[in-house]
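Participant: Take this structure, written in structure tokens, and hold onto it; I'll ask about it next.
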Amino acid sequence: MDRIFAANLDEIEEGAFLNKTLGGAKVLLTKVNGQICAVENRCPHLGLPLGKGEICDGAVTCPFHGSSFNLLTGENVDWTNAFFGMPMPGWTHKLIALGKAPKALNTFKVECEGEQVFVNV
């Protein structure tokens, strides 16, 4: 893993993503309750980007299929419950999942030095 400068502290906001490419990895940075976190900008369901996903209660929801992930741990909170942002009935969730089991979102270790934020990718 490489430790790469990602941003200055004042560039990372609560409830919003800062989209970066670090060492070839597409990374989203944000703050959750004041804690900086970095996650892969790739939903583990179909690999679609999460950067336009809604952040709520420390989780991001994929704008394509509704899967939600804890931004601090990557843990899957909900799996494939929507289609392009439209909530779908429970019986369709397995169809939307396309046979894929719930997976966690990849997270990256974040380190701060003074006003600089580094990510291990």
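In the structure tokens, each chain is lettered A, B, ... as it comes, each chain's residues begin at 1, and ligands are numbered from 1 in order of appearance.
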With a distance cut-off of 10 Å and only C-alpha atoms, select the neighbouring residues of Val110 in chain A, excluding the residue or stretch itself and same-chain residues fewer than 6 positions from it, and output the selection as a list in words.
Facilitator: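 Within the cut-off, the hits are Arg3, Ile4, Phe5, Ala6, Leu29, Gln35, Ile36, Cys37, Ala38, Val39, Val117, Phe118, Val119, Asn120 and Val121 of chain A.
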Participant: Save the residues we just selected, all heavy atoms, as a short mmCIF file (atom, residue, chain, number, x, y, z; two decimals), in the first residue's frame?
Facilitator:
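Contents of result_37.cif, freshly written:
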```cif
data_model
loop_
_atom_site.label_atom_id
_atom_site.label_comp_id
_atom_site.auth_asym_id
_atom_site.auth_seq_id
_atom_site.Cartn_x
_atom_site.Cartn_y
_atom_site.Cartn_z
N ARG A 3 1.09 5.36 0.71
CA ARG A 3 0.52 6.49 1.44
C ARG A 3 0.60 7.71 0.53
O ARG A 3 1.69 8.14 0.16
CB ARG A 3 1.31 6.71 2.73
CG ARG A 3 0.78 7.79 3.60
CD ARG A 3 1.61 7.80 4.90
NE ARG A 3 1.17 8.81 5.80
CZ ARG A 3 1.77 10.00 5.96
NH1 ARG A 3 2.86 10.28 5.28
NH2 ARG A 3 1.28 10.87 6.81
N ILE A 4 -0.56 8.26 0.16
CA ILE A 4 -0.62 9.32 -0.84
C ILE A 4 -1.35 10.53 -0.27
O ILE A 4 -2.41 10.39 0.35
CB ILE A 4 -1.34 8.82 -2.11
CG1 ILE A 4 -0.58 7.63 -2.72
CG2 ILE A 4 -1.50 9.93 -3.13
CD1 ILE A 4 -1.30 6.96 -3.86
N PHE A 5 -0.79 11.72 -0.54
CA PHE A 5 -1.48 12.95 -0.15
C PHE A 5 -2.79 13.01 -0.91
O PHE A 5 -2.83 12.85 -2.13
CB PHE A 5 -0.62 14.19 -0.47
CG PHE A 5 -1.37 15.47 -0.29
CD1 PHE A 5 -1.59 15.99 0.97
CD2 PHE A 5 -1.87 16.15 -1.39
CE1 PHE A 5 -2.31 17.17 1.15
CE2 PHE A 5 -2.58 17.34 -1.23
CZ PHE A 5 -2.79 17.84 0.04
N ALA A 6 -3.90 13.26 -0.18
CA ALA A 6 -5.22 13.28 -0.79
C ALA A 6 -5.81 14.68 -0.87
O ALA A 6 -6.40 15.06 -1.88
CB ALA A 6 -6.17 12.37 -0.04
N LEU A 29 -13.72 10.98 -0.45
CA LEU A 29 -13.42 11.41 0.91
C LEU A 29 -14.57 12.23 1.45
O LEU A 29 -15.18 13.01 0.72
CB LEU A 29 -12.15 12.28 0.93
CG LEU A 29 -10.87 11.54 0.56
CD1 LEU A 29 -10.22 12.19 -0.62
CD2 LEU A 29 -9.95 11.49 1.74
N GLN A 35 -15.20 12.73 11.67
CA GLN A 35 -14.14 11.78 11.35
C GLN A 35 -14.00 11.66 9.83
O GLN A 35 -14.97 11.40 9.13
CB GLN A 35 -14.45 10.42 11.96
CG GLN A 35 -13.35 9.40 11.75
CD GLN A 35 -13.63 8.08 12.47
OE1 GLN A 35 -14.46 8.00 13.35
NE2 GLN A 35 -12.93 7.05 12.06
N ILE A 36 -12.78 11.81 9.34
CA ILE A 36 -12.53 11.70 7.91
C ILE A 36 -12.49 10.23 7.51
O ILE A 36 -11.89 9.40 8.19
CB ILE A 36 -11.21 12.39 7.52
CG1 ILE A 36 -11.31 13.88 7.81
CG2 ILE A 36 -10.87 12.15 6.05
CD1 ILE A 36 -10.04 14.64 7.63
N CYS A 37 -13.15 9.93 6.40
CA CYS A 37 -13.12 8.57 5.88
C CYS A 37 -12.90 8.60 4.38
O CYS A 37 -13.16 9.60 3.71
CB CYS A 37 -14.39 7.81 6.24
SG CYS A 37 -15.91 8.59 5.69
N ALA A 38 -12.38 7.48 3.87
CA ALA A 38 -12.11 7.34 2.44
C ALA A 38 -12.63 5.98 2.00
O ALA A 38 -12.33 4.95 2.62
CB ALA A 38 -10.62 7.45 2.16
N VAL A 39 -13.43 5.98 0.93
CA VAL A 39 -14.00 4.74 0.39
C VAL A 39 -13.77 4.70 -1.11
O VAL A 39 -13.58 5.73 -1.75
CB VAL A 39 -15.51 4.62 0.70
CG1 VAL A 39 -15.76 4.59 2.21
CG2 VAL A 39 -16.31 5.72 0.04
N VAL A 117 -4.17 15.54 4.61
CA VAL A 117 -4.82 14.23 4.74
C VAL A 117 -4.15 13.28 3.75
O VAL A 117 -4.02 13.60 2.56
CB VAL A 117 -6.33 14.33 4.43
CG1 VAL A 117 -6.98 12.96 4.49
CG2 VAL A 117 -7.01 15.30 5.40
N PHE A 118 -3.76 12.11 4.26
CA PHE A 118 -3.13 11.08 3.44
C PHE A 118 -4.01 9.85 3.46
O PHE A 118 -4.65 9.54 4.46
CB PHE A 118 -1.73 10.73 3.99
CG PHE A 118 -0.76 11.87 3.92
CD1 PHE A 118 -0.71 12.81 4.94
CD2 PHE A 118 0.08 12.01 2.84
CE1 PHE A 118 0.18 13.87 4.88
CE2 PHE A 118 0.99 13.07 2.78
CZ PHE A 118 1.03 13.99 3.79
N VAL A 119 -4.01 9.13 2.34
CA VAL A 119 -4.80 7.89 2.22
C VAL A 119 -3.85 6.78 1.81
O VAL A 119 -3.00 6.96 0.93
CB VAL A 119 -5.94 8.06 1.19
CG1 VAL A 119 -6.68 6.75 0.98
CG2 VAL A 119 -6.90 9.15 1.63
N ASN A 120 -4.01 5.62 2.44
CA ASN A 120 -3.23 4.43 2.06
C ASN A 120 -4.03 3.63 1.03
O ASN A 120 -5.06 3.07 1.35
CB ASN A 120 -2.96 3.57 3.31
CG ASN A 120 -2.01 4.24 4.26
OD1 ASN A 120 -0.90 4.61 3.90
ND2 ASN A 120 -2.45 4.44 5.48
N VAL A 121 -3.51 3.65 -0.20
CA VAL A 121 -4.18 2.91 -1.30
C VAL A 121 -3.24 1.86 -1.86
O VAL A 121 -2.06 1.96 -1.77
CB VAL A 121 -4.67 3.85 -2.41
CG1 VAL A 121 -5.80 4.72 -1.93
CG2 VAL A 121 -3.58 4.67 -3.01
#
```
Participant: Could you pull out all residues of range 19-121 of chain A with a DSSP call of helix (DSSP H, G or I) and give them as a list of chain:residue names?
Facilitator: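 DSSP on the backbone gives helix (DSSP H, G or I) at A:Gly90, A:Trp91, A:Thr92, A:His93, A:Lys94, A:Leu95, A:Ile96, A:Ala97.
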Participant: I'd like the interatomic distance between CA of Val32 in chain A and CA of Glu14 in chain A, to a tenth of an Å.
Facilitator: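 That distance, rounded to one decimal, is 6.0 Å.
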Participant: Using CA of Ser68 in chain A and CA of Lys20 in chain A as the two end points, give the distance in Å to one decimal.
Facilitator: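 Value for the CA of Ser68 in chain A-CA of Lys20 in chain A distance: 20.7 Å.
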Participant: Which one is closest to Ala104 in chain A: A:Pro49, A:Gly66, A:Pro44, A:Pro89? Count only C-alpha atoms.
Facilitator: A:Pro44
Participant: If we count only C-alpha atoms, what is near Ala16 in chain A at a cut-off of 8 Å, once residues fewer than 3 positions away on the same chain are taken out, given as JSON, numbers by chain?
Facilitator: {"A": [12, 13, 30, 31, 55]}
Participant: A:Asn41, A:Gly53, A:Thr80, A:Glu11: which is nearest Gly99 in chain A, counting only C-alpha atoms?
Facilitator: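 Ranked by minimum distance to Gly99 in chain A, first place goes to A:Thr80.
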Participant: Which residues come within 12 Å of Lys100 in chain A, counting only C-alpha atoms, excluding same-chain residues fewer than 2 positions away, as a list in words?
Facilitator: Pro44, His45, Leu46, Gly47, Ser67, Trp79, Thr80, His93, Lys94, Leu95, Ile96, Ala97, Leu98, Pro102 and Lys103 of chain A
Participant: Could you please take those selected residues and save N, CA and C atoms as a PDB file, in the first residue's frame?
Facilitator:
```
ATOM      1  N   PRO A  44     -19.957  -2.166  -4.756  1.00  0.00           N
ATOM      2  CA  PRO A  44     -19.598  -3.576  -4.934  1.00  0.00           C
ATOM      3  C   PRO A  44     -20.666  -4.411  -5.642  1.00  0.00           C
ATOM      4  N   HIS A  45     -21.844  -3.851  -5.875  1.00  0.00           N
ATOM      5  CA  HIS A  45     -22.898  -4.594  -6.582  1.00  0.00           C
ATOM      6  C   HIS A  45     -22.530  -4.775  -8.048  1.00  0.00           C
ATOM      7  N   LEU A  46     -22.413  -3.679  -8.799  1.00  0.00           N
ATOM      8  CA  LEU A  46     -22.089  -3.763 -10.230  1.00  0.00           C
ATOM      9  C   LEU A  46     -20.903  -2.877 -10.628  1.00  0.00           C
ATOM     10  N   GLY A  47     -20.224  -2.305  -9.643  1.00  0.00           N
ATOM     11  CA  GLY A  47     -19.052  -1.479  -9.949  1.00  0.00           C
ATOM     12  C   GLY A  47     -19.373  -0.071 -10.405  1.00  0.00           C
ATOM     13  N   SER A  67     -28.295   0.181  -2.865  1.00  0.00           N
ATOM     14  CA  SER A  67     -27.481  -0.440  -1.814  1.00  0.00           C
ATOM     15  C   SER A  67     -26.867   0.654  -0.954  1.00  0.00           C
ATOM     16  N   TRP A  79     -29.184  -3.777   0.687  1.00  0.00           N
ATOM     17  CA  TRP A  79     -28.697  -4.303  -0.595  1.00  0.00           C
ATOM     18  C   TRP A  79     -29.796  -4.238  -1.651  1.00  0.00           C
ATOM     19  N   THR A  80     -29.529  -3.578  -2.720  1.00  0.00           N
ATOM     20  CA  THR A  80     -30.349  -3.517  -3.943  1.00  0.00           C
ATOM     21  C   THR A  80     -31.854  -3.418  -3.709  1.00  0.00           C
ATOM     22  N   HIS A  93     -36.183  -7.176  -5.027  1.00  0.00           N
ATOM     23  CA  HIS A  93     -34.813  -6.948  -4.563  1.00  0.00           C
ATOM     24  C   HIS A  93     -33.839  -8.016  -5.056  1.00  0.00           C
ATOM     25  N   LYS A  94     -34.250  -9.271  -5.038  1.00  0.00           N
ATOM     26  CA  LYS A  94     -33.368 -10.340  -5.529  1.00  0.00           C
ATOM     27  C   LYS A  94     -33.147 -10.226  -7.037  1.00  0.00           C
ATOM     28  N   LEU A  95     -34.169  -9.790  -7.751  1.00  0.00           N
ATOM     29  CA  LEU A  95     -34.017  -9.587  -9.195  1.00  0.00           C
ATOM     30  C   LEU A  95     -33.008  -8.479  -9.477  1.00  0.00           C
ATOM     31  N   ILE A  96     -33.110  -7.386  -8.745  1.00  0.00           N
ATOM     32  CA  ILE A  96     -32.192  -6.253  -8.931  1.00  0.00           C
ATOM     33  C   ILE A  96     -30.763  -6.658  -8.566  1.00  0.00           C
ATOM     34  N   ALA A  97     -30.613  -7.541  -7.584  1.00  0.00           N
ATOM     35  CA  ALA A  97     -29.279  -7.981  -7.152  1.00  0.00           C
ATOM     36  C   ALA A  97     -28.579  -8.809  -8.220  1.00  0.00           C
ATOM     37  N   LEU A  98     -29.322  -9.355  -9.166  1.00  0.00           N
ATOM     38  CA  LEU A  98     -28.747 -10.167 -10.249  1.00  0.00           C
ATOM     39  C   LEU A  98     -27.925 -11.338  -9.719  1.00  0.00           C
ATOM     40  N   PRO A 102     -24.765  -9.665  -0.912  1.00  0.00           N
ATOM     41  CA  PRO A 102     -24.291  -8.401  -0.343  1.00  0.00           C
ATOM     42  C   PRO A 102     -22.802  -8.444  -0.031  1.00  0.00           C
ATOM     43  N   LYS A 103     -22.133  -7.353  -0.344  1.00  0.00           N
ATOM     44  CA  LYS A 103     -20.699  -7.213  -0.083  1.00  0.00           C
ATOM     45  C   LYS A 103     -20.456  -5.871   0.592  1.00  0.00           C
TER      46      LYS A 103
END
```
Participant: Of the candidates A:Asn81, A:Asn33, A:Thr92, A:Thr107, which one gets nearest to Cys62 in chain A if we count only C-alpha atoms?
Facilitator: A:Asn81
Participant: Can you tell me, as a ChimeraX atom specification, which residues in range 4-98 of chain A count as strand (DSSP E) by DSSP?
Facilitator: /A:4-8,18-22,25-32,35-40,54-56,59-61,68-70,76-78,82-83,86-87
Participant: Quick one, how far is CA of Val77 in chain A from CA of Ala25 in chain A?
Facilitator: 23.3 Å
